[in-house]
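> Sharing start_25.tsv, TSV, C-alpha atoms:
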```
chain	number	residue	atom	x	y	z
A	1254	MET	CA	67.08	-10.44	47.63
A	1255	LYS	CA	63.68	-8.73	47.64
A	1256	GLN	CA	63.64	-8.68	51.45
A	1257	ARG	CA	67.16	-7.23	51.62
A	1258	SER	CA	66.67	-4.59	48.91
A	1259	GLY	CA	66.11	-1.87	51.49
A	1260	THR	CA	63.24	-0.16	49.70
A	1261	GLY	CA	61.02	0.13	52.76
A	1262	ASN	CA	57.61	0.98	51.33
A	1263	GLY	CA	59.10	1.37	47.86
A	1264	GLU	CA	58.42	-0.74	44.79
A	1265	VAL	CA	60.43	-3.89	43.98
A	1266	LEU	CA	60.35	-5.49	40.53
A	1267	ALA	CA	61.88	-9.01	40.53
A	1268	PHE	CA	62.84	-11.00	37.45
A	1269	SER	CA	64.48	-14.38	36.93
A	1270	ASP	CA	67.60	-14.85	34.82
A	1271	ALA	CA	65.38	-16.18	31.99
A	1272	GLU	CA	63.44	-12.90	31.94
A	1273	ALA	CA	66.40	-10.62	31.17
A	1274	HIS	CA	64.79	-9.14	28.06
A	1275	LEU	CA	61.50	-8.44	29.89
A	1276	ALA	CA	63.46	-6.95	32.79
A	1277	LEU	CA	65.34	-4.62	30.47
A	1278	GLU	CA	62.10	-3.45	28.84
A	1279	GLU	CA	60.70	-2.54	32.28
A	1280	ILE	CA	63.96	-0.88	33.34
A	1281	VAL	CA	64.02	1.30	30.21
A	1282	LYS	CA	60.35	2.19	30.66
A	1283	ARG	CA	60.28	2.80	34.42
A	1284	ARG	CA	63.85	4.05	35.06
A	1285	PRO	CA	64.21	2.58	38.59
A	1286	ASP	CA	66.40	4.16	41.23
A	1287	ALA	CA	68.47	0.99	41.42
A	1288	VAL	CA	69.06	-2.21	39.48
A	1289	GLU	CA	70.37	-5.16	41.51
A	1290	LEU	CA	71.86	-8.18	39.71
A	1291	GLU	CA	72.55	-11.44	41.55
A	1292	ARG	CA	76.30	-12.01	41.27
A	1293	HIS	CA	76.03	-15.42	39.54
A	1294	PHE	CA	73.75	-13.89	36.90
A	1295	ALA	CA	76.02	-10.85	36.52
A	1296	ALA	CA	78.93	-13.19	35.71
A	1297	THR	CA	77.14	-14.69	32.69
A	1298	PRO	CA	77.22	-13.23	29.15
A	1299	ARG	CA	73.53	-12.35	29.52
A	1300	GLY	CA	74.17	-10.48	32.76
A	1301	ALA	CA	77.12	-8.63	31.22
A	1302	ALA	CA	74.92	-7.63	28.28
A	1303	VAL	CA	72.26	-6.21	30.61
A	1304	ILE	CA	74.87	-4.20	32.52
A	1305	ALA	CA	76.42	-2.86	29.30
A	1306	ARG	CA	73.01	-1.88	27.90
A	1307	ILE	CA	72.04	0.01	31.06
A	1308	LYS	CA	75.40	1.79	31.29
A	1309	ALA	CA	75.15	2.87	27.64
A	1310	ASP	CA	71.68	4.43	27.99
A	1311	PRO	CA	71.83	8.12	29.05
A	1312	ALA	CA	68.20	7.92	30.17
A	1313	LEU	CA	69.26	5.40	32.84
A	1314	ALA	CA	72.17	7.45	34.18
A	1315	GLN	CA	70.40	7.90	37.53
A	1316	SER	CA	69.81	4.17	38.04
A	1317	GLU	CA	72.33	2.77	40.51
A	1318	LEU	CA	73.81	-0.57	39.40
A	1319	LEU	CA	74.68	-3.13	42.08
A	1320	VAL	CA	75.90	-6.71	41.99
A	1321	VAL	CA	74.66	-8.55	45.09
A	1322	SER	CA	74.55	-12.09	46.51
A	1323	HIS	CA	71.41	-14.05	47.29
A	1324	ASP	CA	73.06	-15.89	50.19
A	1325	SER	CA	75.42	-13.35	51.81
A	1326	ASP	CA	75.91	-9.65	52.45
A	1327	PHE	CA	78.14	-9.30	49.39
A	1328	ALA	CA	77.37	-6.16	47.37
A	1329	ARG	CA	79.37	-4.25	44.78
A	1330	VAL	CA	78.46	-1.01	43.01
A	1331	VAL	CA	79.15	-1.18	39.27
A	1332	PRO	CA	81.34	1.87	38.44
A	1333	ARG	CA	79.57	4.62	36.51
A	1334	ASP	CA	78.54	8.23	36.99
A	1335	ALA	CA	77.17	8.58	40.51
A	1336	PRO	CA	73.35	8.77	40.59
A	1337	ALA	CA	71.67	11.61	42.39
A	1338	ALA	CA	70.43	10.69	45.87
A	1339	ALA	CA	66.67	10.43	46.27
A	1340	PRO	CA	65.12	12.95	48.68
A	1341	PRO	CA	64.51	11.54	52.20
A	1342	GLY	CA	61.24	9.61	52.44
A	1343	GLN	CA	60.74	9.44	48.67
A	1344	LYS	CA	59.43	6.13	47.34
A	1345	ARG	CA	62.31	4.13	45.85
A	1346	THR	CA	61.97	1.71	42.91
A	1347	VAL	CA	64.38	-1.22	42.58
A	1348	ALA	CA	64.62	-3.78	39.77
A	1349	ILE	CA	66.16	-7.14	40.75
A	1350	LEU	CA	67.53	-9.81	38.41
A	1351	GLU	CA	68.03	-13.15	40.13
A	1352	ALA	CA	69.83	-16.35	39.14
A	1353	PRO	CA	68.72	-19.79	40.42
A	1354	ALA	CA	69.86	-20.39	43.99
A	1355	ASP	CA	72.17	-23.23	42.92
A	1356	ALA	CA	73.70	-21.38	39.96
A	1357	GLU	CA	77.45	-21.30	39.47
A	1358	PRO	CA	79.32	-18.45	37.75
A	1359	ALA	CA	79.82	-19.05	34.06
A	1360	ALA	CA	83.34	-19.89	32.98
A	1361	PRO	CA	85.07	-17.13	30.98
A	1362	LEU	CA	84.50	-17.51	27.27
A	1363	ASP	CA	87.47	-18.13	25.01
A	1364	GLN	CA	87.00	-15.65	22.18
A	1365	ARG	CA	90.54	-15.65	20.86
A	1366	GLY	CA	90.30	-18.54	18.44
A	1367	THR	CA	92.78	-19.10	15.65
A	1368	ARG	CA	92.20	-17.49	12.27
A	1369	ARG	CA	93.16	-20.23	9.80
A	1370	ALA	CA	91.95	-18.56	6.58
A	1371	PRO	CA	91.16	-15.05	5.28
A	1372	ARG	CA	87.77	-13.85	6.49
A	1373	PHE	CA	85.36	-11.69	4.51
A	1374	LYS	CA	82.48	-9.45	5.55
A	1375	ILE	CA	79.28	-10.83	4.06
A	1376	ALA	CA	76.47	-8.77	2.50
A	1377	ALA	CA	73.80	-7.77	5.03
A	1378	ASP	CA	70.98	-9.75	3.41
A	1379	MET	CA	72.69	-13.17	3.57
A	1380	ASN	CA	71.38	-15.73	6.05
A	1381	VAL	CA	72.60	-19.16	7.10
A	1382	LEU	CA	70.62	-22.06	8.56
A	1383	LEU	CA	71.89	-23.56	11.83
A	1384	ASP	CA	69.97	-26.75	12.61
A	1385	GLY	CA	67.14	-25.35	10.48
A	1386	SER	CA	66.95	-21.95	12.21
A	1387	ALA	CA	67.87	-18.80	10.28
A	1388	ALA	CA	70.79	-16.67	11.44
A	1389	ARG	CA	72.48	-13.62	9.91
A	1390	LEU	CA	75.87	-14.40	8.36
A	1391	VAL	CA	78.18	-11.56	9.48
A	1392	ASP	CA	81.49	-12.77	8.06
A	1393	SER	CA	82.95	-16.02	6.82
A	1394	SER	CA	86.09	-17.85	5.74
A	1395	THR	CA	86.59	-21.35	4.45
A	1396	ALA	CA	87.17	-22.49	8.05
A	1397	GLY	CA	84.49	-20.68	10.03
A	1398	ALA	CA	82.06	-17.80	10.36
A	1399	GLN	CA	80.50	-15.26	12.69
A	1400	VAL	CA	76.70	-15.26	12.95
A	1401	LEU	CA	73.89	-13.36	14.68
A	1402	SER	CA	71.06	-15.61	15.82
A	1403	PRO	CA	67.72	-14.95	17.57
A	1404	THR	CA	67.84	-18.63	18.63
A	1405	ILE	CA	69.90	-19.72	21.65
A	1406	LEU	CA	73.41	-20.93	20.82
A	1407	LYS	CA	75.87	-22.43	23.30
A	1408	PRO	CA	79.65	-22.98	23.23
A	1409	ASN	CA	80.64	-26.51	22.07
A	1410	GLN	CA	77.21	-27.03	20.52
A	1411	ARG	CA	77.27	-29.08	17.30
A	1412	VAL	CA	75.12	-27.70	14.48
A	1413	ARG	CA	74.20	-28.62	10.91
A	1414	VAL	CA	74.95	-25.68	8.59
A	1415	VAL	CA	73.24	-24.89	5.28
A	1416	LEU	CA	74.47	-22.07	3.01
A	1417	THR	CA	72.10	-21.40	0.10
A	1418	ASP	CA	72.17	-19.15	-2.95
A	1419	ASN	CA	71.26	-19.43	-6.64
A	1420	HIS	CA	74.22	-21.78	-7.15
A	1421	GLY	CA	72.69	-24.36	-4.82
A	1422	ALA	CA	73.02	-25.41	-1.18
A	1423	LEU	CA	76.13	-26.29	0.83
A	1424	ARG	CA	75.53	-28.60	3.79
A	1425	PHE	CA	78.10	-29.50	6.42
A	1426	ASN	CA	78.68	-29.91	10.16
A	1427	ALA	CA	80.08	-27.23	12.46
A	1428	ALA	CA	80.71	-26.41	16.13
A	1429	ILE	CA	79.91	-23.26	18.11
A	1430	VAL	CA	83.21	-21.96	19.53
A	1431	TRP	CA	82.14	-18.83	21.47
A	1432	VAL	CA	78.90	-16.99	22.17
A	1433	LEU	CA	77.98	-13.47	23.31
A	1434	PHE	CA	74.44	-12.60	24.39
A	1435	GLU	CA	73.47	-9.09	23.21
A	1436	ILE	CA	70.49	-6.83	23.81
A	1437	PRO	CA	70.63	-4.08	21.13
A	1438	SER	CA	68.56	-0.96	21.75
A	1439	THR	CA	66.91	-1.22	18.30
A	1440	ARG	CA	65.89	-4.91	18.27
A	1441	GLY	CA	65.30	-7.95	20.43
A	1442	PRO	CA	67.97	-10.07	22.13
A	1443	GLN	CA	70.38	-11.99	19.94
A	1444	TYR	CA	73.33	-14.36	20.16
A	1445	ARG	CA	76.57	-13.43	18.40
A	1446	ALA	CA	78.59	-16.59	17.86
A	1447	GLY	CA	81.76	-17.91	16.29
A	1448	VAL	CA	81.27	-21.08	14.23
A	1449	ARG	CA	84.02	-23.54	13.31
A	1450	PHE	CA	83.38	-25.59	10.17
A	1451	VAL	CA	84.08	-29.31	10.66
A	1452	ASP	CA	83.71	-31.05	7.29
A	1453	ALA	CA	82.91	-28.24	4.84
A	1454	ASP	CA	84.19	-28.29	1.24
A	1455	SER	CA	86.68	-25.41	1.46
A	1456	ASN	CA	86.62	-24.72	-2.28
A	1457	ALA	CA	82.83	-24.51	-2.37
A	1458	VAL	CA	82.69	-22.34	0.76
A	1459	GLY	CA	85.44	-20.08	-0.62
A	1460	ALA	CA	83.46	-19.60	-3.83
A	1461	PHE	CA	80.36	-18.78	-1.74
A	1462	CYS	CA	82.32	-16.15	0.22
A	1463	ASN	CA	83.58	-14.55	-2.99
A	1464	ARG	CA	80.06	-14.34	-4.39
A	1465	HIS	CA	78.58	-12.69	-1.28
A	1466	LYS	CA	81.41	-10.69	0.34
A	1467	GLN	CA	80.91	-6.95	0.80
A	1468	THR	CA	82.57	-4.97	-1.95
A	1469	HIS	CA	82.80	-1.80	0.17
A	1470	SER	CA	83.18	-0.97	3.87
```
Rewrite the coordinates I just gave you, this time as structure tokens.


Amino acid sequence: MKQRSGTGNGEVLAFSDAEAHLALEEIVKRRPDAVELERHFAATPRGAAVIARIKADPALAQSELLVVSHDSDFARVVPRDAPAAAPPGQKRTVAILEAPADAEPAAPLDQRGTRRAPRFKIAADMNVLLDGSAARLVDSSTAGAQVLSPTILKPNQRVRVVLTDNHGALRFNAAIVWVLFEIPSTRGPQYRAGVRFVDADSNAVGAFCNRHKQTHS
């Protein structure tokens, strides 16, 4: 990909798929003329998050976004406002995000789910433990919840959940149903996930939701 980037004597910044956050920091700081994403990486939630973050930043409006292949001539320009062409002979800077050579496109995530119980927005200061790691509890019902986690979460992952307040601790098993990787402009990367409760006490969880639900929008 670096050899085919067409920069001539320009500058090429290459990052692996695991370095998406570092790549985005450099892209925001250096505002390259082009950002090339390997097509397998672009098909993942992390790749989609990088594309959305770049497209949403007015300061990066002149950075051309391309999805390319590491093993063919495939190339696709991501639709957005057309960047201004660089003057002839001007040094061109390109940022490249690559996936492993044997990577396969991620399967589309099923985010539809089935809402089995009323769900409530939870107060902003309420956390939940997932396998011992703290995550922000966004909303919850007696059957499941939405969380924001700085720790990696994956669909179909089984987790041990602990909800704690001054009434005690609720412990039960759960499964991760869907996951979105996000890179907010004001904080580090995070995983937004839907959690399905497996063996939770619905009465106890319902009482927890009532104690901590937002009382205003």

> A:Gly1441: which residues within 10 Å, counting only C-alpha atoms, same-chain residues fewer than 5 positions away excluded, as number ranges by chain?

A: 1274, 1403, 1435-1436

> Quick one: of A:Asp1378, A:Asp1310, A:Asp1418, A:Glu1272, who's nearest to A:Phe1294, counting only C-alpha atoms?

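Distance minimum relative to A:Phe1294 lands on A:Glu1272.
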
> Can you measure atom CA of A:Ser1455 to atom CA of A:Pro1371 for me? One decimal in Å is fine.

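Here the two named atoms are 11.9 Å from each other.
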
> Work out how far atom CA of A:Ala1457 is from atom CA of A:Leu1401, in Å to one decimal.

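It comes out at 22.2 Å.
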
> Counting only C-alpha atoms, find the residues whose atoms lie at most 6 Å from (67.1, -14.5, 19.8) (file coordinates) and write them out as a ChimeraX atom specification.

/A:1402-1404,1442-1443

> Go through A:Gly1300, A:Gly1385, A:Gly1447, A:Gly1421 and flag the residue nearest A:Val1288, using all atoms listed in the file for the distances.

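Looking only at the distances to A:Val1288, the closest residue turns out to be A:Gly1300.
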
> So what do you get for atom CA of A:Arg1413 versus atom CA of A:Arg1299, distance-wise?

24.7 Å

> Name the residues within 9 Å of (73.8, -15.2, 7.4), counting all atoms listed in the file in the file's coordinates, and put them as a VMD selection string.

chain A and resid 1375 to 1382 1387 to 1392 1399 to 1402 1416

> Could you name the residues that touch A:Ala1287 at 6 Å or less, counting only C-alpha atoms, but leaving out those on the same chain fewer than 2 positions away, as a count of residues only?

5

> Which of these, A:Val1281, A:Leu1290, A:Leu1313, A:Val1414, has the shortest distance to A:Phe1268 once you count only C-alpha atoms?

A:Leu1290
